[in-house]
file work_4.txt (compact mmCIF, C-alpha atoms)
# COMPACT_ATOMS: atom_id res chain seq x y z
CA MET A 253 -47.79 -69.65 -79.86
CA ASN A 254 -51.47 -69.68 -80.70
CA SER A 255 -51.39 -66.03 -81.71
CA VAL A 256 -48.61 -66.92 -84.10
CA MET A 257 -50.66 -69.68 -85.67
CA ILE A 258 -53.64 -67.47 -86.34
CA GLY A 259 -51.38 -65.00 -88.07
CA GLN A 260 -51.78 -61.39 -88.92
CA TYR A 261 -54.33 -61.61 -91.69
CA ILE A 262 -57.82 -60.35 -90.75
CA PRO A 263 -60.31 -61.89 -93.18
CA ILE A 264 -62.92 -59.16 -93.66
CA ASP A 265 -63.98 -57.27 -96.75
CA SER A 266 -62.66 -53.80 -97.44
CA TRP A 267 -61.29 -51.67 -100.25
CA LEU A 268 -57.74 -52.58 -99.19
CA HIS A 269 -58.54 -56.29 -98.91
CA ARG A 270 -59.85 -56.35 -102.47
CA LEU A 271 -56.73 -54.80 -104.01
CA ASP A 272 -54.30 -56.91 -105.99
CA PRO A 273 -51.51 -58.22 -103.71
CA ARG A 274 -48.89 -57.04 -106.18
CA SER A 275 -49.95 -53.43 -106.09
CA LYS A 276 -50.21 -53.54 -102.30
CA CYS A 277 -46.70 -55.01 -102.05
CA ILE A 278 -45.27 -52.33 -104.34
CA PHE A 279 -47.15 -49.59 -102.51
CA VAL A 280 -46.03 -50.69 -99.05
CA PHE A 281 -42.45 -51.31 -100.18
CA CYS A 282 -42.23 -47.81 -101.69
CA MET A 283 -43.88 -46.27 -98.62
CA LEU A 284 -41.37 -47.96 -96.32
CA ILE A 285 -38.55 -46.40 -98.34
CA LEU A 286 -40.33 -43.04 -98.45
CA ILE A 287 -40.51 -42.96 -94.63
CA PHE A 288 -36.72 -42.62 -94.52
CA PHE A 289 -36.90 -39.45 -96.61
CA ALA A 290 -39.20 -37.61 -94.20
CA ASN A 291 -37.21 -35.11 -92.17
CA ASN A 292 -39.50 -32.47 -90.66
CA VAL A 293 -42.77 -32.12 -88.81
CA GLU A 294 -44.79 -31.52 -92.01
CA THR A 295 -43.53 -34.62 -93.80
CA TYR A 296 -44.05 -36.86 -90.78
CA THR A 297 -47.58 -35.50 -90.34
CA LEU A 298 -48.29 -36.19 -94.00
CA LEU A 299 -47.12 -39.80 -93.68
CA LEU A 300 -49.05 -40.30 -90.44
CA LEU A 301 -52.21 -39.01 -92.17
CA VAL A 302 -51.68 -41.41 -95.08
CA GLY A 303 -51.15 -44.24 -92.58
CA LEU A 304 -54.31 -43.38 -90.67
CA MET A 305 -56.25 -43.19 -93.94
CA GLY A 306 -54.98 -46.67 -94.71
CA VAL A 307 -56.10 -47.89 -91.29
CA ALA A 308 -59.56 -46.39 -91.89
CA LEU A 309 -59.81 -47.91 -95.38
CA SER A 310 -58.81 -51.35 -94.09
CA ARG A 311 -61.84 -51.29 -91.71
CA ILE A 312 -59.70 -53.09 -89.15
CA SER A 313 -59.99 -52.06 -85.52
CA VAL A 314 -57.40 -49.52 -84.39
CA LEU A 315 -56.86 -51.73 -81.34
CA LEU A 316 -55.24 -54.39 -83.49
CA PHE A 317 -52.78 -51.85 -84.85
CA LEU A 318 -52.05 -50.68 -81.32
CA ARG A 319 -51.48 -54.26 -80.27
CA SER A 320 -48.90 -54.74 -83.00
CA MET A 321 -47.03 -51.75 -81.55
CA LYS A 322 -46.30 -53.91 -78.51
CA LEU A 323 -43.60 -55.57 -80.59
CA ILE A 324 -41.60 -52.40 -80.95
CA ILE A 325 -42.28 -50.73 -77.60
CA TRP A 326 -38.95 -51.88 -76.10
CA MET A 327 -37.06 -50.71 -79.12
CA ILE A 328 -38.76 -47.31 -78.98
CA LEU A 329 -38.09 -46.91 -75.26
CA PHE A 330 -34.49 -47.99 -75.60
CA THR A 331 -33.69 -45.72 -78.54
CA THR A 332 -35.48 -42.82 -76.87
CA LEU A 333 -33.40 -43.29 -73.76
CA PHE A 334 -30.25 -43.61 -75.86
CA HIS A 335 -30.96 -40.32 -77.61
CA LEU A 336 -31.90 -38.49 -74.41
CA ILE A 337 -28.60 -39.52 -72.82
CA PHE A 338 -26.14 -39.41 -75.69
CA THR A 339 -27.32 -36.72 -78.11
CA GLN A 340 -25.75 -33.59 -76.70
CA SER A 341 -26.39 -30.58 -78.88
CA GLY A 342 -28.86 -27.69 -78.96
CA SER A 343 -30.09 -25.90 -75.89
CA ILE A 344 -30.56 -27.62 -72.55
CA VAL A 345 -34.13 -28.69 -71.81
CA LEU A 346 -33.74 -30.27 -68.42
CA GLN A 347 -30.80 -30.32 -66.07
CA THR A 348 -30.54 -32.69 -63.12
CA PRO A 349 -27.39 -33.65 -61.21
CA ILE A 350 -27.13 -36.99 -63.00
CA LEU A 351 -28.49 -36.26 -66.44
CA THR A 352 -28.70 -33.33 -68.80
CA ILE A 353 -31.23 -33.52 -71.58
CA TYR A 354 -30.66 -31.47 -74.71
CA GLU A 355 -33.19 -30.16 -77.20
CA GLU A 356 -31.66 -32.13 -80.08
CA GLY A 357 -31.94 -35.33 -78.06
CA VAL A 358 -35.66 -34.82 -77.50
CA ARG A 359 -36.15 -33.99 -81.20
CA GLN A 360 -34.25 -37.11 -82.36
CA ALA A 361 -36.11 -39.32 -79.88
CA ALA A 362 -39.47 -38.02 -81.14
CA ILE A 363 -38.47 -38.49 -84.81
CA ILE A 364 -37.35 -42.05 -84.20
CA SER A 365 -40.48 -43.01 -82.28
CA VAL A 366 -42.67 -41.69 -85.10
CA ARG A 367 -40.51 -43.46 -87.67
CA PHE A 368 -40.79 -46.80 -85.86
CA ILE A 369 -44.55 -46.36 -85.58
CA LEU A 370 -44.90 -45.44 -89.28
CA LEU A 371 -42.87 -48.45 -90.42
CA MET A 372 -45.05 -50.63 -88.23
CA ILE A 373 -48.34 -49.15 -89.50
CA PHE A 374 -47.50 -49.65 -93.17
CA ALA A 375 -46.06 -53.13 -92.72
CA SER A 376 -49.11 -54.12 -90.63
CA LEU A 377 -51.48 -52.71 -93.26
CA LEU A 378 -50.04 -55.14 -95.81
CA MET A 379 -50.00 -58.13 -93.46
CA PHE A 380 -53.48 -57.44 -92.02
CA THR A 381 -55.20 -57.11 -95.40
CA THR A 382 -53.42 -59.73 -97.51
CA SER A 383 -53.58 -63.45 -96.84
CA PRO A 384 -50.26 -65.32 -96.89
CA ILE A 385 -51.39 -67.25 -99.98
CA ASP A 386 -52.09 -64.02 -101.85
CA LEU A 387 -48.75 -62.61 -100.74
CA THR A 388 -46.97 -65.67 -102.12
CA ASP A 389 -48.87 -65.45 -105.41
CA GLY A 390 -48.05 -61.76 -105.64
CA LEU A 391 -44.40 -62.40 -104.88
CA GLU A 392 -44.17 -65.06 -107.59
CA SER A 393 -45.69 -62.70 -110.11
CA LEU A 394 -43.45 -59.80 -109.09
CA LEU A 395 -40.33 -61.97 -109.22
CA SER A 396 -41.14 -63.69 -112.50
CA PRO A 397 -39.37 -61.07 -114.67
CA LEU A 398 -36.17 -62.22 -112.93
CA ARG A 399 -36.56 -65.58 -114.66
CA ARG A 400 -34.64 -64.05 -117.54
CA TRP A 401 -31.58 -64.15 -115.26
CA ARG A 402 -32.37 -67.75 -114.32
CA PHE A 403 -33.98 -66.83 -111.00
CA PRO A 404 -36.32 -69.75 -110.14
CA ALA A 405 -39.40 -67.62 -109.35
CA HIS A 406 -41.85 -70.51 -109.66
CA GLU A 407 -39.85 -72.94 -107.50
CA PHE A 408 -39.46 -70.17 -104.96
CA ALA A 409 -43.20 -69.52 -104.72
CA MET A 410 -43.87 -73.27 -104.69
CA MET A 411 -41.60 -73.65 -101.68
CA MET A 412 -43.39 -70.81 -99.92
CA SER A 413 -46.80 -72.40 -100.59
CA ILE A 414 -45.67 -75.83 -99.42
CA ALA A 415 -44.18 -74.26 -96.32
CA LEU A 416 -47.41 -72.34 -95.61
CA ARG A 417 -49.45 -75.48 -95.92
CA PHE A 418 -47.17 -77.32 -93.49
CA ILE A 419 -47.05 -74.77 -90.68
CA PRO A 420 -50.08 -76.23 -88.83
CA THR A 421 -49.02 -79.82 -89.53
CA LEU A 422 -45.50 -79.38 -88.24
CA TRP A 423 -46.70 -77.31 -85.31
CA ALA A 424 -49.08 -80.08 -84.27
CA GLU A 425 -46.23 -82.51 -84.61
CA THR A 426 -43.87 -80.36 -82.51
CA ASP A 427 -46.55 -80.15 -79.87
CA LYS A 428 -46.97 -83.91 -79.89
CA ILE A 429 -43.23 -84.53 -79.56
CA ILE A 430 -42.93 -81.98 -76.72
CA LYS A 431 -45.74 -83.75 -74.86
CA ALA A 432 -44.16 -87.14 -75.51
CA GLN A 433 -40.81 -85.96 -74.12
CA LYS A 434 -42.54 -84.34 -71.13
CA ALA A 435 -44.25 -87.65 -70.40
CA ARG A 436 -40.75 -89.16 -70.27
CA GLY A 437 -39.68 -86.54 -67.75
CA ALA A 438 -38.14 -83.83 -69.97
CA ASP A 439 -38.00 -80.38 -68.37
CA PHE A 440 -38.38 -77.39 -70.70
CA GLU A 441 -39.12 -74.60 -68.26
CA SER A 442 -36.29 -74.41 -65.77
CA GLY A 443 -32.54 -73.87 -65.86
CA ASN A 444 -30.29 -71.42 -67.67
CA VAL A 445 -30.29 -70.70 -71.40
CA TYR A 446 -27.91 -73.53 -72.27
CA ARG A 447 -29.95 -76.05 -70.29
CA ARG A 448 -33.23 -75.04 -71.80
CA VAL A 449 -31.76 -75.15 -75.28
CA LYS A 450 -30.35 -78.61 -74.67
CA ALA A 451 -33.80 -79.75 -73.61
CA TYR A 452 -35.10 -78.89 -77.06
CA ILE A 453 -32.62 -81.07 -78.96
CA PRO A 454 -34.64 -84.26 -78.31
CA VAL A 455 -37.62 -82.41 -79.81
CA LEU A 456 -35.80 -81.13 -82.87
CA ILE A 457 -34.27 -84.41 -83.94
CA PRO A 458 -37.53 -86.38 -84.34
CA LEU A 459 -39.08 -83.31 -85.93
CA MET A 460 -36.32 -83.11 -88.53
CA ILE A 461 -36.37 -86.82 -89.25
CA SER A 462 -40.11 -86.90 -89.74
CA SER A 463 -39.77 -83.90 -92.07
CA PHE A 464 -37.26 -85.73 -94.21
CA ARG A 465 -39.75 -88.56 -94.49
CA ARG A 466 -42.60 -86.21 -95.26
CA ALA A 467 -40.55 -84.46 -97.92
CA GLU A 468 -39.90 -87.72 -99.72
CA ASP A 469 -43.56 -88.71 -99.58
CA LEU A 470 -44.80 -85.37 -100.80
CA ALA A 471 -42.23 -85.28 -103.61
CA THR A 472 -43.32 -88.73 -104.75
CA ALA A 473 -46.95 -87.65 -104.61
CA MET A 474 -46.20 -84.54 -106.66
CA GLU A 475 -44.28 -86.54 -109.26
CA ALA A 476 -47.07 -89.09 -109.46
CA ARG A 477 -49.51 -86.28 -110.28
CA GLY A 478 -47.25 -85.03 -113.04
CA TYR A 479 -45.65 -82.03 -111.38
CA ALA A 480 -42.86 -80.85 -113.64
CA GLY A 481 -42.00 -77.34 -112.54
CA GLY A 482 -43.60 -74.05 -113.52
CA VAL A 483 -43.58 -74.47 -117.31
CA GLY A 484 -47.10 -74.83 -118.66
CA ARG A 485 -48.72 -74.79 -115.22
CA THR A 486 -52.05 -72.96 -114.99
CA LYS A 487 -53.52 -71.22 -111.99
CA LEU A 488 -56.90 -71.48 -110.30
CA ARG A 489 -56.95 -67.84 -109.34
CA VAL A 490 -55.50 -65.37 -111.80
CA LEU A 491 -54.34 -62.04 -110.44
CA SER A 492 -55.62 -59.01 -112.26
CA ILE A 493 -54.84 -55.31 -112.01
CA ARG A 494 -58.03 -53.23 -111.69
CA ARG A 495 -58.80 -49.54 -111.58
CA ALA A 496 -58.44 -49.45 -107.80
CA ASP A 497 -54.89 -50.73 -108.07
CA ILE A 498 -53.94 -47.99 -110.48
CA LEU A 499 -55.60 -45.50 -108.15
CA LEU A 500 -53.43 -46.77 -105.27
CA LEU A 501 -50.24 -46.25 -107.25
CA VAL A 502 -51.42 -42.77 -108.30
CA CYS A 503 -52.00 -42.02 -104.60
CA PHE A 504 -48.44 -43.07 -103.88
CA ALA A 505 -47.12 -40.80 -106.63
CA ILE A 506 -49.06 -37.85 -105.15
CA VAL A 507 -47.83 -38.56 -101.60
CA ALA A 508 -44.24 -38.94 -102.79
CA THR A 509 -44.35 -35.69 -104.76
CA ALA A 510 -45.89 -33.84 -101.80
CA LEU A 511 -43.27 -35.27 -99.47
CA PHE A 512 -40.31 -34.26 -101.61
CA TRP A 513 -41.83 -30.80 -102.00
CA MET A 514 -42.36 -30.40 -98.23
CA ARG A 515 -39.09 -31.80 -96.95
CA LYS A 516 -36.23 -29.50 -96.08
CA MET B 92 -34.38 -89.72 -111.14
CA GLN B 93 -32.73 -86.32 -111.49
CA GLN B 94 -36.13 -84.63 -111.45
CA LYS B 95 -37.24 -86.55 -108.40
CA SER B 96 -34.30 -85.45 -106.32
CA LYS B 97 -34.94 -81.85 -107.38
CA VAL B 98 -38.56 -81.94 -106.18
CA THR B 99 -37.56 -83.70 -102.96
CA LYS B 100 -34.97 -81.04 -102.30
CA MET B 101 -37.50 -78.28 -102.91
CA VAL B 102 -40.05 -79.81 -100.53
CA LEU B 103 -37.39 -80.49 -97.93
CA LEU B 104 -36.18 -76.88 -97.99
CA ALA B 105 -39.76 -75.70 -97.51
CA LEU B 106 -40.21 -77.98 -94.48
CA LEU B 107 -36.87 -76.93 -92.98
CA GLY B 108 -38.04 -73.34 -93.40
CA VAL B 109 -41.19 -74.13 -91.41
CA ILE B 110 -39.20 -75.83 -88.65
CA SER B 111 -36.89 -72.85 -88.54
CA PHE B 112 -39.88 -70.53 -88.19
CA LEU B 113 -41.39 -72.67 -85.42
CA ILE B 114 -38.12 -72.77 -83.49
CA GLU B 115 -37.73 -69.01 -83.83
CA ASN B 116 -40.72 -68.58 -81.54
CA ILE B 117 -38.85 -70.26 -78.72
CA SER B 118 -36.40 -67.43 -78.12
CA PHE B 119 -34.38 -66.35 -75.14
CA PRO B 120 -33.29 -62.89 -74.04
CA ILE B 121 -29.65 -62.69 -72.95
CA PRO B 122 -28.78 -61.02 -69.66
CA THR B 123 -27.26 -57.51 -70.05
CA ILE B 124 -28.50 -57.19 -73.63
CA PRO B 125 -31.67 -55.18 -74.38
CA ILE B 126 -34.76 -57.31 -74.66
CA PHE B 127 -35.40 -56.64 -78.34
CA LEU B 128 -32.35 -58.70 -79.25
CA LYS B 129 -33.13 -62.33 -78.54
CA VAL B 130 -31.21 -65.48 -79.29
CA ASP B 131 -33.05 -68.30 -80.97
CA PHE B 132 -31.96 -71.51 -82.61
CA SER B 133 -33.75 -71.12 -85.89
CA GLU B 134 -30.35 -71.28 -87.61
CA LEU B 135 -30.13 -75.03 -86.91
CA PRO B 136 -32.47 -76.25 -89.70
CA ALA B 137 -30.95 -73.69 -92.05
CA LEU B 138 -27.50 -75.08 -91.23
CA VAL B 139 -28.63 -78.63 -91.95
CA GLY B 140 -30.02 -77.45 -95.31
CA ALA B 141 -26.89 -75.46 -96.11
CA ILE B 142 -24.54 -78.32 -95.29
CA LEU B 143 -26.56 -80.80 -97.35
CA PHE B 144 -27.31 -78.63 -100.38
CA GLY B 145 -25.03 -75.60 -100.29
CA PRO B 146 -25.16 -71.96 -99.19
CA LEU B 147 -28.13 -71.00 -101.37
CA ALA B 148 -30.34 -73.59 -99.70
CA GLY B 149 -29.47 -72.09 -96.33
CA ILE B 150 -30.38 -68.64 -97.57
CA VAL B 151 -33.72 -69.89 -98.92
CA ILE B 152 -34.55 -71.39 -95.50
CA GLU B 153 -33.61 -68.12 -93.81
CA PHE B 154 -35.86 -66.29 -96.27
CA ILE B 155 -38.86 -68.53 -95.59
CA LYS B 156 -38.37 -68.15 -91.85
CA ASN B 157 -38.19 -64.37 -91.99
CA ALA B 158 -41.03 -64.00 -94.50
CA PHE B 159 -43.26 -66.07 -92.20
CA HIS B 160 -42.14 -64.06 -89.24
CA LEU B 161 -43.39 -60.94 -91.03
CA MET B 162 -46.64 -62.61 -92.09
CA PHE B 163 -47.52 -64.25 -88.80
CA ALA B 164 -45.74 -62.58 -85.93
CA GLY B 165 -45.68 -58.93 -86.86
CA GLY B 166 -44.16 -56.45 -89.21
CA GLU B 167 -41.08 -55.15 -87.47
CA ILE B 168 -39.43 -55.04 -90.86
CA ILE B 169 -35.89 -53.76 -90.26
CA GLY B 170 -35.26 -56.29 -87.49
CA VAL B 171 -36.41 -59.01 -89.86
CA ILE B 172 -34.04 -57.78 -92.57
CA ALA B 173 -31.17 -57.70 -90.06
CA ASN B 174 -32.00 -61.23 -88.89
CA PHE B 175 -32.11 -62.44 -92.51
CA LEU B 176 -28.71 -60.89 -93.30
CA ALA B 177 -27.04 -62.20 -90.15
CA GLY B 178 -28.50 -65.70 -90.54
CA SER B 179 -27.68 -65.92 -94.24
CA ILE B 180 -24.06 -64.94 -93.70
CA PHE B 181 -23.62 -67.32 -90.77
CA VAL B 182 -25.15 -70.24 -92.62
CA SER B 183 -23.43 -69.69 -95.97
CA VAL B 184 -19.96 -69.19 -94.48
CA ILE B 185 -20.23 -72.48 -92.57
CA SER B 186 -21.57 -74.26 -95.64
CA ILE B 187 -18.72 -73.03 -97.88
CA ILE B 188 -16.01 -73.85 -95.35
CA TYR B 189 -17.48 -77.21 -94.34
CA ARG B 190 -17.59 -78.29 -97.96
CA LYS B 191 -13.90 -77.41 -98.35
CA PHE B 192 -12.61 -79.22 -95.24
CA GLN B 193 -14.85 -82.18 -94.48
CA GLY B 194 -15.28 -83.53 -90.97
CA TRP B 195 -14.41 -81.96 -87.64
CA LYS B 196 -11.95 -79.48 -89.08
CA GLY B 197 -14.68 -78.12 -91.31
CA PHE B 198 -17.02 -77.58 -88.38
CA VAL B 199 -14.45 -75.91 -86.16
CA TYR B 200 -13.07 -73.60 -88.86
CA GLY B 201 -16.55 -73.02 -90.20
CA PHE B 202 -18.08 -72.01 -86.88
CA ILE B 203 -15.18 -69.74 -85.95
CA ALA B 204 -15.16 -68.05 -89.34
CA ALA B 205 -18.95 -67.78 -89.50
CA THR B 206 -19.30 -66.29 -86.02
CA LEU B 207 -16.57 -63.75 -86.73
CA MET B 208 -17.93 -62.91 -90.19
CA MET B 209 -21.47 -62.47 -88.87
CA THR B 210 -20.29 -60.28 -85.99
CA LEU B 211 -18.09 -58.17 -88.25
CA PHE B 212 -20.72 -57.83 -90.95
CA MET B 213 -23.49 -56.91 -88.53
CA ALA B 214 -21.22 -54.36 -86.85
CA MET B 215 -20.55 -52.76 -90.25
CA ALA B 216 -24.18 -52.97 -91.34
CA ASN B 217 -25.27 -51.32 -88.10
CA PHE B 218 -22.60 -48.65 -88.32
CA PHE B 219 -23.33 -47.66 -91.92
CA VAL B 220 -26.99 -48.57 -92.45
CA PHE B 221 -29.21 -49.65 -89.57
CA LEU B 222 -28.19 -47.24 -86.82
CA PRO B 223 -28.06 -44.04 -88.88
CA LEU B 224 -31.15 -44.86 -90.92
CA TYR B 225 -33.32 -46.64 -88.45
CA ALA B 226 -32.43 -45.19 -85.07
CA ALA B 227 -30.98 -41.88 -86.35
CA ILE B 228 -27.84 -42.40 -84.30
CA THR B 229 -25.29 -40.61 -86.46
CA ASP B 230 -22.59 -39.59 -84.00
CA PRO B 231 -19.60 -41.96 -84.60
CA THR B 232 -18.75 -42.33 -80.89
CA ALA B 233 -22.37 -43.07 -79.97
CA LYS B 234 -22.59 -45.60 -82.82
CA THR B 235 -19.36 -47.28 -81.73
CA THR B 236 -20.51 -47.48 -78.11
CA PHE B 237 -23.81 -49.00 -79.19
CA ILE B 238 -22.18 -51.53 -81.49
CA LEU B 239 -19.36 -52.57 -79.15
CA ASN B 240 -21.61 -52.93 -76.11
CA ILE B 241 -24.74 -54.40 -77.63
CA ILE B 242 -24.56 -55.59 -81.23
CA THR B 243 -21.13 -57.25 -81.14
CA PRO B 244 -21.57 -59.26 -77.92
CA PHE B 245 -25.05 -60.27 -79.06
CA ASN B 246 -23.81 -61.70 -82.36
CA LEU B 247 -20.80 -63.36 -80.74
CA ILE B 248 -22.94 -65.05 -78.09
CA LYS B 249 -25.49 -66.09 -80.68
CA GLY B 250 -22.81 -67.57 -82.96
CA ILE B 251 -21.15 -69.46 -80.12
CA LEU B 252 -24.42 -70.82 -78.69
CA VAL B 253 -25.69 -71.98 -82.09
CA SER B 254 -22.32 -73.63 -82.80
CA ILE B 255 -22.33 -75.49 -79.47
CA VAL B 256 -25.86 -76.77 -79.95
CA PHE B 257 -25.41 -77.67 -83.60
CA VAL B 258 -22.71 -80.33 -83.15
CA PRO B 259 -24.71 -82.89 -81.08
CA PHE B 260 -27.71 -82.09 -83.22
CA TYR B 261 -25.94 -82.77 -86.51
CA LEU B 262 -24.22 -85.92 -85.24
CA LYS B 263 -27.62 -87.44 -84.45
CA ILE B 264 -29.03 -86.53 -87.86
CA VAL B 265 -26.13 -87.75 -90.03
CA PRO B 266 -26.56 -91.53 -89.54
CA TYR B 267 -30.22 -91.20 -90.45
CA LEU B 268 -29.45 -89.21 -93.58
CA ARG B 269 -26.85 -91.75 -94.72
CA SER B 270 -29.56 -94.42 -94.61
CA ARG B 271 -31.78 -92.36 -96.95
CA SER B 272 -29.98 -92.19 -100.24
CA SER B 273 -32.82 -90.43 -102.06
CA ILE B 274 -32.16 -87.18 -100.23
CA LEU B 275 -28.39 -86.96 -100.43

call {"tool": "encode", "arguments": {"input": "work_4.txt", "output": "structure tokens"}}
result
Amino acid sequence: MNSVMIGQYIPIDSWLHRLDPRSKCIFVFCMLILIFFANNVETYTLLLLVGLMGVALSRISVLLFLRSMKLIIWMILFTTLFHLIFTQSGSIVLQTPILTIYEEGVRQAAIISVRFILLMIFASLLMFTTSPIDLTDGLESLLSPLRRWRFPAHEFAMMMSIALRFIPTLWAETDKIIKAQKARGADFESGNVYRRVKAYIPVLIPLMISSFRRAEDLATAMEARGYAGGVGRTKLRVLSIRRADILLLVCFAIVATALFWMRK
Amino acid sequence: MQQKSKVTKMVLLALLGVISFLIENISFPIPTIPIFLKVDFSELPALVGAILFGPLAGIVIEFIKNAFHLMFAGGEIIGVIANFLAGSIFVSVISIIYRKFQGWKGFVYGFIAATLMMTLFMAMANFFVFLPLYAAITDPTAKTTFILNIITPFNLIKGILVSIVFVPFYLKIVPYLRSRSSIL
């Protein structure tokens, strides 16, 4: 749980950290889509090189990126196994009495593993170098054109910011309630799934009720300070697009062109 | 007064999103299903929100939960998108049906419909989008095997477990909510 509370963001200074969150979001989003267009060794190598360049530019230890791979290791192993067993075309690579492995299966398994890793690298790059607050600000700004179709971009970002601010508070409260129930003899660690889940209901109910109370208090406090939605509200930190941001998007254009030229 | 209830609702949805995110970290693997699919009860706060304020509120809570999951727990992005889709469908179907038939009937019909809809939708989404794109499983028989043996039972079990836990949970919350007229 503690690792969750600290989050993914690594607060150091680097070229990637200084970029505008909006351009990083757009870049990573487009890269994630681009990954699905890669279909041969050259294109995957190109994307891996771009990813590694990103890792180098972020000045974040490679170990942290490797650690985030732990999340997908089971998925990689499982899909690899699935492909080795079920993909049956191409020439035979290995034949044993119980299992025959085909060339196509090995190829597919390799492609998928690289794809999983690439998706993870690019998503981690964004999360490691952008603080949640910046991400929320960037999201609000990116979504604000949708206001024309009555999409409540400001309210949306406001909810995200309030939620961010309350993660530690509510976590401390959950912890307190869990301890209080333990002191009364509650057992959270043993029994089957249904049992363990049932044990959490007496934690959830007080947590919900105190949140309802908190919500009312905070709403009153916001009203009392004159909060009236996004219209006319000014910001402490104004996002600005700089030369580096344009450079990042130019880089993406070059990578995308190269990829479409190299793919089969 | 109108404005006040709007701000309260906004803050409340944000807090329910946080609770949902916190609960998500207490997850359980299910026997016989690969470890990367885990059941958690983060749908409960989203359901409370959706029943009080409508399907969109439930979807907002699901969004906050999944966005935080990406920001704090790690960027396994396709799984997060799948979780968001499944949760949003589950929560909004229950909300729509519960608002049509109030009371017990609404819950029973809602949970049955929502579990089936979520299972069906996730089977389709996996068949047409996630499996071919993400895991490059394109062979129809392989896809069907995967979906019938792993995805479908997972979503069914998840739907049923969440439904069973939600009823006692909601019954305890309702009397409290009735006493707080500023929220409802």

call {"tool": "closest_atom_pairs", "arguments": {"input": "work_4.txt", "of": "chain B", "to": "chain A", "cutoff": "8 Å", "atoms": "all atoms listed in the file", "output": "CSV"}}
result
residue,atom,partner,partner_atom,distance
B:Lys95,CA,A:Ala471,CA,7.0
B:Val98,CA,A:Ala471,CA,5.6
B:Thr99,CA,A:Ala471,CA,5.0
B:Lys100,CA,A:Ala467,CA,7.9
B:Met101,CA,A:Met411,CA,6.3
B:Val102,CA,A:Ala467,CA,5.4
B:Leu103,CA,A:Ala467,CA,5.1
B:Leu104,CA,A:Met411,CA,7.3
B:Ala105,CA,A:Ala415,CA,4.8
B:Leu106,CA,A:Ala415,CA,5.7
B:Leu107,CA,A:Ser463,CA,7.6
B:Gly108,CA,A:Ala415,CA,6.9
B:Val109,CA,A:Ala415,CA,5.8
B:Ile110,CA,A:Leu422,CA,7.2
B:Leu113,CA,A:Trp423,CA,7.1
B:Asn116,CA,A:Met253,CA,7.3
B:Phe119,CA,A:Val445,CA,7.0
B:Pro125,CA,A:Phe330,CA,7.8
B:Ile126,CA,A:Trp326,CA,7.0
B:Phe127,CA,A:Met327,CA,6.2
B:Pro136,CA,A:Met460,CA,8.0
B:Ile155,CA,A:Met412,CA,6.7
B:Leu161,CA,A:Met379,CA,7.6
B:Met162,CA,A:Met379,CA,5.8
B:Phe163,CA,A:Gly259,CA,4.0
B:Ala164,CA,A:Val256,CA,5.5
B:Gly165,CA,A:Ser320,CA,6.5
B:Gly166,CA,A:Ala375,CA,5.2
B:Glu167,CA,A:Met372,CA,6.1
B:Ile168,CA,A:Ala375,CA,7.1
B:Leu224,CA,A:Phe288,CA,7.0
B:Tyr225,CA,A:Ile364,CA,7.4
B:Ala226,CA,A:Ile364,CA,5.9
B:Ala227,CA,A:Ile364,CA,6.7
B:Ile228,CA,A:His335,CA,7.7
B:Ala233,CA,A:Phe338,CA,6.8
B:Leu252,CA,A:Tyr446,CA,7.8
B:Val256,CA,A:Lys450,CA,7.2
B:Phe260,CA,A:Ile453,CA,6.6
B:Lys263,CA,A:Ile457,CA,7.3
B:Ile264,CA,A:Ile457,CA,6.9
B:Tyr267,CA,A:Ile461,CA,7.6
B:Ser273,CA,A:Glu468,CA,7.9
B:Ile274,CA,A:Glu468,CA,7.8

call {"tool": "axis_aligned_box", "arguments": {"input": "work_4.txt", "around": "segment 290-304 of chain A", "padding_each_side": "3 Å", "output": "lines of an AutoDock Vina configuration file"}}
result
center_x = -45.8
center_y = -37.9
center_z = -91.9
size_x = 23.1
size_y = 18.7
size_z = 12.3

call {"tool": "atom_distance", "arguments": {"input": "work_4.txt", "atom1": "atom CA of Ile169 of chain B", "atom2": "atom CA of Asp386 of chain A"}}
result
22.4 Å

call {"tool": "atom_distance", "arguments": {"input": "work_4.txt", "atom1": "atom CA of Asp265 of chain A", "atom2": "atom CA of Val307 of chain A"}}
result
13.4 Å

call {"tool": "atom_distance", "arguments": {"input": "work_4.txt", "atom1": "atom CA of Ser275 of chain A", "atom2": "atom CA of Ser313 of chain A"}}
result
22.9 Å

call {"tool": "residues_around", "arguments": {"input": "work_4.txt", "residues": "segment 204-215 of chain B", "least_positions_apart": "5", "cutoff": "12 Å", "atoms": "all atoms listed in the file", "output": "ChimeraX atom specification"}}
result
/B:138,170,172-189,196-199,220-223,234-255
